[in-house]
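Participant: Okay, handing you the structure first.
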Amino acid sequence: MGAIIERVVADGRAVHDPFDGLTRIGLDEISYKRGHRYLTICVDHTSGRLIWAGVGRDKKTLGGFFDLLGAERCAQIALVSADAAEWIGDVVAERCPNATLCIDSFHVVQWATEALDEVRREVWNEARKGGMSTHAKELKGCRYALWRNPEDLTARQANKLAWIAKVNTKLYRAYLMKEQLRIAIRTKGVLSLTMLDEWFIWVQRCRIPAFVELGKKIKKNIKGIEAAMLHNLSNALIESTNTKLRVLHRMAYGFRQPEHLIALALLDRGGYCPPLPGRGHASAPALAAFG
């Protein structure tokens, strides 16, 4: 069955070159099997389609994609969205001379959330070791109140947050810094850059080690972060594609080779699925036809 799918995709790609006119792409990795088995995938932000996937997640794998693209088309790529993985950034810088790397804003906010949780664990340990068992128990149960956006809080979580503001200044300051960063990134455009500059000033003076380190990490990746904010480009499309690929992976349980999974992914997400009898929708067939 895998060979049939590969043939259908190959026929479709022979008619329509998926690399034609590429200017904005997204790159990411997805785990397809236990034991650190990964695929590297590429989407076209303009068409919204999956255009390539390769087995592995390293410079050599990604270099294979740019080899297929060729120097002329690599030079036409203007924007590349990705996380802050160095192996992606290094290859993009080497192979796409005119491209601007946009570091996905979701990952930046995730860094801030991880720093906040580090502070929460720190103050929890301090309370526990200081014999404040009730206080420690309350802190342990406030994780989701700290993680969620204020507008999404339940009444109980809002009360938890109000309690933190009263009893633990350090943790509440860390929460506010996470929120200011999230709002700055969500704002986009030139205003967001001004807000980010103000956030840097606060972080440098906060004397909370986890956020001082976060500030250094963001400073290191600032060009890509600012580019994403200015161009309003994220990895939302590629994350959505990853979710759909996980569904396809479960349906492709019997496929032994990752290349067959790639072919199925390209069939469904690359726009190569042929119309099937009795099926009016062109995206569902890849899921139904081979089940």
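Chain labels run A, B, ... following the order of the structure tokens; each chain numbers its residues from 1, and ligands are numbered from 1 in the order shown.
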DSSP on the backbone: what in range 37-269 of chain A comes out helix (DSSP H, G or I), as a PyMOL selection string?
Facilitator: chain A and resi 59-69+71-74+86-95+105-129+133-140+143-147+150-152+155-167+169-187+189-205+209-220+222-231+236-251+258-269
Participant: List every residue of range 47-269 of chain A that DSSP, applied to the backbone of this structure, assigns to strand (DSSP E or B), and report them as a list in words.
Facilitator: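 Taking range 47-269 of chain A and keeping strand (DSSP E or B) only, one gets Leu50, Ile51, Trp52, Ala53, Gly54, Val55, Leu79, Val80, Ser81, Ala82, Thr100, Leu101, Cys102 and Ile103 of chain A.
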Participant: Might you pull out every residue within 9 Å of range 71-77 of chain A, with only C-alpha atoms counted and same-chain residues fewer than 6 positions away left off, and present them as a compact mmCIF listing (two decimals) with C-alpha atoms, in the first residue's frame?
Facilitator:
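This went into out-v5.txt:
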# COMPACT_ATOMS: atom_id res chain seq x y z
CA PHE A 19 8.91 24.18 -4.77
CA ASP A 20 7.89 26.64 -7.46
CA GLY A 21 7.65 30.22 -6.21
CA LEU A 22 8.59 29.51 -2.60
CA THR A 23 9.25 32.67 -0.60
CA ARG A 24 7.94 31.90 2.91
CA ILE A 25 8.46 28.52 4.53
CA ARG A 95 21.83 27.92 2.27
CA CYS A 96 19.34 30.80 2.04
CA PRO A 97 21.39 34.01 1.74
CA ASN A 98 18.37 36.33 1.42
CA ALA A 99 16.16 34.73 4.07
CA THR A 100 15.21 36.22 7.43
Participant: Here is a test: counting only C-alpha atoms, which residue of A:Phe65, A:Leu153, A:Val123, A:Glu213 is nearest to Val167 in chain A?
Facilitator: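 The closest residue to Val167 in chain A is A:Val123.
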Participant: Once you count only C-alpha atoms, what closest atom pair and distance in Å to one decimal does each residue of range 178-242 of chain A within 9 Å of range 34-46 of chain A have, with rows by chain and rising residue number, as a Markdown table?
Facilitator:
| residue | atom | partner | partner_atom | distance |
| --- | --- | --- | --- | --- |
| A:Leu233 | CA | A:His45 | CA | 8.8 |
| A:Leu237 | CA | A:His45 | CA | 7.3 |
| A:Ile238 | CA | A:Val43 | CA | 6.4 |
| A:Thr241 | CA | A:Val43 | CA | 8.3 |
| A:Asn242 | CA | A:Ile41 | CA | 8.7 |
Participant: Suppose we keep N, CA and C atoms; can you now write the selection as a tab-separated table (two decimals), in the first residue's frame?
Facilitator:
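To be explicit, this is the file written out as again.tsv:
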chain	number	residue	atom	x	y	z
A	233	LEU	N	4.84	36.37	11.57
A	233	LEU	CA	4.99	35.00	11.06
A	233	LEU	C	5.31	34.07	12.23
A	237	LEU	N	1.01	27.32	11.55
A	237	LEU	CA	0.64	26.43	10.44
A	237	LEU	C	1.35	25.09	10.56
A	238	ILE	N	2.63	25.13	10.89
A	238	ILE	CA	3.39	23.88	10.95
A	238	ILE	C	3.00	23.06	12.18
A	241	THR	N	-0.05	21.33	11.17
A	241	THR	CA	0.32	20.21	10.29
A	241	THR	C	0.84	19.04	11.11
A	242	ASN	N	1.65	19.32	12.13
A	242	ASN	CA	2.17	18.27	12.99
A	242	ASN	C	1.04	17.48	13.65
Participant: Find the residues around range 183-197 of chain A up to 10 Å (only C-alpha atoms counted), leave out those fewer than 6 positions away in its own chain, and share them as a ChimeraX atom specification.
Facilitator: /A:105-106,108-109,149,177,222,225-233
Participant: Would you write out those residues with C-alpha atoms, as a PDB file, in the first residue's frame?
Facilitator:
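Wrote it out as selection.pdb, contents follow:
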ATOM      1  CA  SER A 105       6.693  33.400  19.304  1.00  0.00           C
ATOM      2  CA  PHE A 106       4.929  30.442  20.926  1.00  0.00           C
ATOM      3  CA  VAL A 108       9.486  32.210  23.341  1.00  0.00           C
ATOM      4  CA  VAL A 109       6.424  32.368  25.602  1.00  0.00           C
ATOM      5  CA  ASN A 149      -3.715  33.579  30.277  1.00  0.00           C
ATOM      6  CA  MET A 177       7.220  39.325  33.764  1.00  0.00           C
ATOM      7  CA  ILE A 222      16.610  38.636  19.478  1.00  0.00           C
ATOM      8  CA  ILE A 225      12.262  37.001  17.635  1.00  0.00           C
ATOM      9  CA  GLU A 226      11.933  40.597  16.420  1.00  0.00           C
ATOM     10  CA  ALA A 227      11.624  39.416  12.805  1.00  0.00           C
ATOM     11  CA  ALA A 228       8.697  37.170  13.748  1.00  0.00           C
ATOM     12  CA  MET A 229       7.003  40.074  15.538  1.00  0.00           C
ATOM     13  CA  LEU A 230       7.517  42.501  12.645  1.00  0.00           C
ATOM     14  CA  HIS A 231       6.459  40.063   9.896  1.00  0.00           C
ATOM     15  CA  ASN A 232       3.700  38.454  11.997  1.00  0.00           C
ATOM     16  CA  LEU A 233       4.995  35.005  11.059  1.00  0.00           C
TER      17      LEU A 233
END
Participant: At what distance in Å, to one decimal, does CA of Pro18 in chain A lie from CA of Leu261 in chain A?
Facilitator: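 Pair CA of Leu261 in chain A / CA of Pro18 in chain A returns 18.3 Å.
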Participant: Just give me the gap between CA of Ile88 in chain A and CA of Phe211 in chain A in Å, one decimal is fine.
Facilitator: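 These two atoms are separated by 25.4 Å.
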Participant: Between CA of Trp199 in chain A and CA of Trp87 in chain A, measure the distance and give it in Å to one decimal.
Facilitator: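 CA of Trp87 in chain A lies at a distance of 28.2 Å from CA of Trp199 in chain A.
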Participant: So, with only C-alpha atoms as the atoms that count, which of A:Val212, A:Gln110, A:Ser240, A:Trp163 lies closest to Arg182 in chain A?
Facilitator: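 For Arg182 in chain A, the nearest of the candidates is A:Gln110.
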Participant: When you count only C-alpha atoms, which of these residues is closest to Gln257 in chain A: A:Tyr32, A:Val91, A:Thr134, A:Ala155?
Facilitator: A:Tyr32
